[in-house]
Amino acid sequence: MERRRVAVLGLVWLAAAATVAMADPLPSYYNAIFSFGDSFSDTGNFVIINSGKLPNMPKFPPPYARCSNGRLVIDFLAEAFGLPLLPPSANKGTNFSQGANFAVMGATALDLKYFKDNNVWSIPPFNTSMNVQLQWFDEVKQTICSSPQECREFFSKALFVFGEFGGNDYSFAWKAEWSLEKVKTMVPSVVASMVGGIERLLDEGARHVVVPGNLPAGCIPITLTMYATEDRSEYDPRTGCLKKYNSVALYHNAMLRIALDQLQRRRPDSRIVYADYYTPYIQFARTPHLYGYKRGALRACCGGGGPYNYNMSASCGLPGATTCEDPDAHVSWDGIHLTEAPYRFIANTWIRGPYAHPPLASVVRDDMVY
């Protein structure tokens, strides 16, 4: 009983500490931030590329639409280091001297050819995979530096955020009705692809790279709705999440951390930060009230009804869907993505700890001392 009380008090302290973490000012250390990934960090690329507006993005007008009711982790990182919110790279003609965001909703770590070759067709209509984003980075690079040496010096003072990647890769495989064992066979290829992408950035002069892991897919309302089962043994009794889908995320994150440790040893002049999405989300699911989420972690704020307020035929923003009065009381915004409140919390824990290894604030502090 005493151990449980200590654990609960620890969670309360962590929640409070993360809430006020931004009160301590951070040095204006980075000259720019460059972000790669999918819808968890897309700040408008999908809308521009798709020549339209998604209905579940109410707060930021195009071309700065986000899959949330407000800011994302990448926005809070930019604000913490005194930089402007990152413009989407697809917004041509923008000044990218303080950073750019290449992330796109639906982006994969593996090229789309992999999915087509394996008869997986629930993929985006256009290729915005990791390698394509790196090609866009090469194009933007030409607008901000003019020689290899100048570019290396510039990027050595920038922060790179590489991911989240992999979540869509596995999601598309699940939709193709792959077995758990078969989905797990993808993980080494996904991780190897990510490490290859990070090395390309290091070769360009990057020194500080944040690499987020996967979220617990089995806790996300769309997964809980699409793959609902009457077999209660499929659910984690502590969270209500589907264990099978979380097991892939755990496997991905474990392999990614091993690969990043190996990369760090090969590239000792760099600082590679593993950033944890999984653990805080699981904590939200286990003890939502400790973090202020009165409505729990598994029910979407904006949706068309059902046990998790996610309905494929009435998803957020479409006819039949409604939006909750207090998004900050929810973890999930639209059944897939998070509301601003958990993004703020996660960003704080990546900066100060404990959900980044090492925390960004310590990376910056150590670099300034060095």
# chains A, B, ... in the order shown; residues from 1 in each chain; ligands from 1
$ residues_around --residues "Leu256 in chain A" --least-positions-apart "5" --cutoff "10 Å" --atoms "only C-alpha atoms" --output "list in words"
Val187, Pro188, Val190, Val191, Ala192, Met194, Val195, Val211, Pro212, Gly213, Asn214, Leu250, Tyr251, Asp261, Gln262 and Tyr274 of chain A
$ residues_around --residues "range 355-361 of chain A" --least-positions-apart "6" --cutoff "12 Å" --atoms "only C-alpha atoms" --output "number ranges by chain"
A: 14, 18, 21-22, 24-30, 77, 80-81, 159-161, 208-213, 257, 260-261, 264, 271-281, 283, 345-349, 367-368
$ select_by_dssp --residues "range 38-159 of chain A" --states "helix (DSSP H, G or I)" --output "PyMOL selection string"
chain A and resi 45-49+73-80+112-117+130-144+148-155
$ write_last_selection --atoms "C-alpha atoms" --output "PDB file, in the first residue's frame"
ATOM      1  CA  ASN A  45       2.166  20.321 -45.625  1.00  0.00           C
ATOM      2  CA  PHE A  46      -0.697  17.865 -46.164  1.00  0.00           C
ATOM      3  CA  VAL A  47      -3.211  20.645 -46.688  1.00  0.00           C
ATOM      4  CA  ILE A  48      -0.949  22.399 -49.197  1.00  0.00           C
ATOM      5  CA  ILE A  49      -0.040  19.236 -51.077  1.00  0.00           C
ATOM      6  CA  VAL A  73       4.999  19.191 -29.573  1.00  0.00           C
ATOM      7  CA  ILE A  74       7.098  20.743 -32.341  1.00  0.00           C
ATOM      8  CA  ASP A  75       5.396  24.100 -31.716  1.00  0.00           C
ATOM      9  CA  PHE A  76       6.169  24.000 -28.013  1.00  0.00           C
ATOM     10  CA  LEU A  77       9.798  23.089 -28.735  1.00  0.00           C
ATOM     11  CA  ALA A  78      10.117  26.084 -31.047  1.00  0.00           C
ATOM     12  CA  GLU A  79       8.558  28.406 -28.476  1.00  0.00           C
ATOM     13  CA  ALA A  80      10.780  27.053 -25.702  1.00  0.00           C
ATOM     14  CA  LEU A 112       5.560   3.474 -50.775  1.00  0.00           C
ATOM     15  CA  LYS A 113       7.061   0.921 -53.169  1.00  0.00           C
ATOM     16  CA  TYR A 114       7.513  -1.413 -50.195  1.00  0.00           C
ATOM     17  CA  PHE A 115       3.782  -1.417 -49.523  1.00  0.00           C
ATOM     18  CA  LYS A 116       2.808  -1.842 -53.157  1.00  0.00           C
ATOM     19  CA  ASP A 117       5.257  -4.725 -53.539  1.00  0.00           C
ATOM     20  CA  MET A 130      10.883   9.804 -45.118  1.00  0.00           C
ATOM     21  CA  ASN A 131      13.190   9.736 -48.140  1.00  0.00           C
ATOM     22  CA  VAL A 132      10.972  12.206 -49.982  1.00  0.00           C
ATOM     23  CA  GLN A 133      11.105  14.546 -46.992  1.00  0.00           C
ATOM     24  CA  LEU A 134      14.886  14.314 -47.029  1.00  0.00           C
ATOM     25  CA  GLN A 135      14.806  15.301 -50.699  1.00  0.00           C
ATOM     26  CA  TRP A 136      12.740  18.340 -49.764  1.00  0.00           C
ATOM     27  CA  PHE A 137      15.333  19.153 -47.136  1.00  0.00           C
ATOM     28  CA  ASP A 138      18.002  19.147 -49.862  1.00  0.00           C
ATOM     29  CA  GLU A 139      15.904  21.637 -51.834  1.00  0.00           C
ATOM     30  CA  VAL A 140      15.386  23.947 -48.861  1.00  0.00           C
ATOM     31  CA  LYS A 141      19.077  23.732 -47.999  1.00  0.00           C
ATOM     32  CA  GLN A 142      19.910  25.485 -51.260  1.00  0.00           C
ATOM     33  CA  THR A 143      17.914  28.522 -50.132  1.00  0.00           C
ATOM     34  CA  ILE A 144      19.639  28.986 -46.769  1.00  0.00           C
ATOM     35  CA  PRO A 148      29.055  22.688 -48.033  1.00  0.00           C
ATOM     36  CA  GLN A 149      31.096  24.343 -45.295  1.00  0.00           C
ATOM     37  CA  GLU A 150      28.543  27.110 -44.742  1.00  0.00           C
ATOM     38  CA  CYS A 151      25.762  24.529 -44.597  1.00  0.00           C
ATOM     39  CA  ARG A 152      27.620  22.338 -42.115  1.00  0.00           C
ATOM     40  CA  GLU A 153      28.244  25.315 -39.833  1.00  0.00           C
ATOM     41  CA  PHE A 154      24.602  26.381 -40.057  1.00  0.00           C
ATOM     42  CA  PHE A 155      23.156  22.931 -39.380  1.00  0.00           C
TER      43      PHE A 155
END
$ residues_around --residues "Met105 in chain A" --least-positions-apart "2" --cutoff "12 Å" --atoms "only C-alpha atoms" --output "JSON, numbers by chain"
{"A": [36, 37, 38, 39, 40, 41, 42, 43, 44, 45, 46, 47, 48, 49, 50, 54, 65, 66, 67, 88, 101, 102, 103, 107, 108, 123, 124, 125, 126, 127, 128, 129, 130, 133, 163, 164, 165, 167, 168, 336, 337]}
$ write_last_selection --atoms "C-alpha atoms" --output "compact mmCIF listing (two decimals), in the first residue's frame"
# COMPACT_ATOMS: atom_id res chain seq x y z
CA PHE A 36 10.46 15.48 -40.23
CA GLY A 37 7.62 13.07 -39.59
CA ASP A 38 3.89 12.48 -39.94
CA SER A 39 0.63 14.03 -38.73
CA PHE A 40 1.86 14.32 -35.15
CA SER A 41 4.16 17.11 -36.33
CA ASP A 42 2.67 18.25 -39.68
CA THR A 43 2.10 22.02 -39.59
CA GLY A 44 0.41 22.38 -42.97
CA ASN A 45 2.17 20.32 -45.62
CA PHE A 46 -0.70 17.86 -46.16
CA VAL A 47 -3.21 20.65 -46.69
CA ILE A 48 -0.95 22.40 -49.20
CA ILE A 49 -0.04 19.24 -51.08
CA ASN A 50 -3.64 18.03 -51.08
CA LEU A 54 -9.07 19.07 -43.43
CA ALA A 65 -3.18 23.63 -40.40
CA ARG A 66 -2.53 21.07 -37.68
CA CYS A 67 -4.22 17.80 -36.70
CA PRO A 88 5.59 23.93 -43.75
CA ASN A 101 8.81 21.47 -41.22
CA PHE A 102 8.84 18.61 -43.73
CA ALA A 103 6.39 16.36 -41.85
CA ALA A 107 4.07 9.77 -44.06
CA THR A 108 5.94 6.47 -43.71
CA ILE A 123 -1.58 4.12 -48.43
CA PRO A 124 -1.60 7.85 -49.26
CA PRO A 125 -2.24 8.86 -52.89
CA PHE A 126 1.06 10.74 -52.97
CA ASN A 127 4.52 9.80 -51.79
CA THR A 128 5.59 11.80 -48.74
CA SER A 129 7.78 9.13 -47.16
CA MET A 130 10.88 9.80 -45.12
CA GLN A 133 11.10 14.55 -46.99
CA GLY A 163 9.87 11.57 -36.41
CA GLU A 164 7.56 10.17 -35.28
CA PHE A 165 8.03 7.57 -38.06
CA GLY A 167 3.27 4.43 -36.85
CA ASN A 168 1.75 4.74 -40.32
CA ILE A 336 -6.15 9.72 -33.81
CA HIS A 337 -4.26 12.81 -32.71
$ closest_residue --among "A:Asn91, A:Ser362, A:Asn311, A:Ser68" --to "Pro221 in chain A" --atoms "only C-alpha atoms"
A:Asn311
$ closest_residue --among "A:Leu298, A:Ile220, A:Leu263, A:Ala90" --to "Gly197 in chain A" --atoms "only C-alpha atoms"
A:Leu263
$ closest_residue --among "A:Ser122, A:Ser97, A:Asn69, A:Ser179" --to "Glu325 in chain A" --atoms "only C-alpha atoms"
A:Asn69
$ closest_residue --among "A:Glu181, A:Glu234, A:Asp111, A:Asp269" --to "Val248 in chain A" --atoms "only C-alpha atoms"
A:Glu181
$ closest_residue --among "A:Asp328, A:Glu340, A:Asp203, A:Glu230" --to "Pro288 in chain A" --atoms "only C-alpha atoms"
A:Asp328
$ select_by_dssp --residues "range 138-368 of chain A" --states "strand (DSSP E)" --output "compact mmCIF listing (two decimals) with N, CA and C atoms, in the first residue's frame"
# COMPACT_ATOMS: atom_id res chain seq x y z
N LEU A 159 18.51 22.49 -34.39
CA LEU A 159 17.93 21.30 -33.79
C LEU A 159 17.13 20.56 -34.85
N PHE A 160 17.34 19.25 -34.93
CA PHE A 160 16.60 18.41 -35.86
C PHE A 160 15.69 17.48 -35.07
N VAL A 161 14.43 17.39 -35.49
CA VAL A 161 13.46 16.49 -34.87
C VAL A 161 13.04 15.49 -35.95
N PHE A 162 13.40 14.23 -35.75
CA PHE A 162 13.26 13.23 -36.80
C PHE A 162 12.21 12.19 -36.40
N HIS A 208 22.60 17.88 -33.13
CA HIS A 208 21.58 17.55 -32.15
C HIS A 208 20.33 17.05 -32.87
N VAL A 209 19.97 15.79 -32.63
CA VAL A 209 18.82 15.18 -33.31
C VAL A 209 17.92 14.53 -32.27
N VAL A 210 16.66 14.94 -32.24
CA VAL A 210 15.65 14.33 -31.37
C VAL A 210 14.89 13.30 -32.20
N VAL A 211 14.78 12.08 -31.69
CA VAL A 211 14.14 11.00 -32.43
C VAL A 211 12.99 10.44 -31.58
N PRO A 212 11.75 10.82 -31.87
CA PRO A 212 10.61 10.29 -31.10
C PRO A 212 10.33 8.84 -31.45
N ARG A 271 24.71 14.55 -30.57
CA ARG A 271 23.89 14.23 -29.40
C ARG A 271 22.54 13.77 -29.94
N ILE A 272 22.27 12.49 -29.80
CA ILE A 272 21.05 11.90 -30.31
C ILE A 272 20.13 11.61 -29.13
N VAL A 273 18.96 12.21 -29.17
CA VAL A 273 18.00 12.15 -28.06
C VAL A 273 16.84 11.24 -28.45
N TYR A 274 16.61 10.20 -27.67
CA TYR A 274 15.40 9.40 -27.85
C TYR A 274 14.28 10.06 -27.06
N ALA A 275 13.18 10.40 -27.75
CA ALA A 275 12.05 11.09 -27.13
C ALA A 275 10.87 10.14 -27.04
N CYS A 302 -13.50 15.26 -30.25
CA CYS A 302 -14.25 15.59 -31.47
C CYS A 302 -14.53 14.31 -32.24
N GLY A 303 -15.82 13.96 -32.40
CA GLY A 303 -16.13 12.73 -33.11
C GLY A 303 -17.62 12.51 -33.26
N THR A 322 -19.53 16.00 -33.30
CA THR A 322 -19.60 17.13 -32.39
C THR A 322 -18.26 17.31 -31.70
N THR A 323 -18.04 18.50 -31.17
CA THR A 323 -16.80 18.81 -30.47
C THR A 323 -17.09 19.08 -29.00
N ALA A 356 12.74 12.05 -22.13
CA ALA A 356 13.72 12.16 -23.21
C ALA A 356 15.06 11.70 -22.65
N HIS A 357 15.82 11.06 -23.48
CA HIS A 357 17.08 10.44 -23.03
C HIS A 357 18.21 10.82 -23.98
$ atom_distance --atom1 "CA of Cys219 in chain A" --atom2 "CA of Ser171 in chain A"
13.3 Å
$ atom_distance --atom1 "CA of Ala32 in chain A" --atom2 "CA of Pro84 in chain A"
8.9 Å
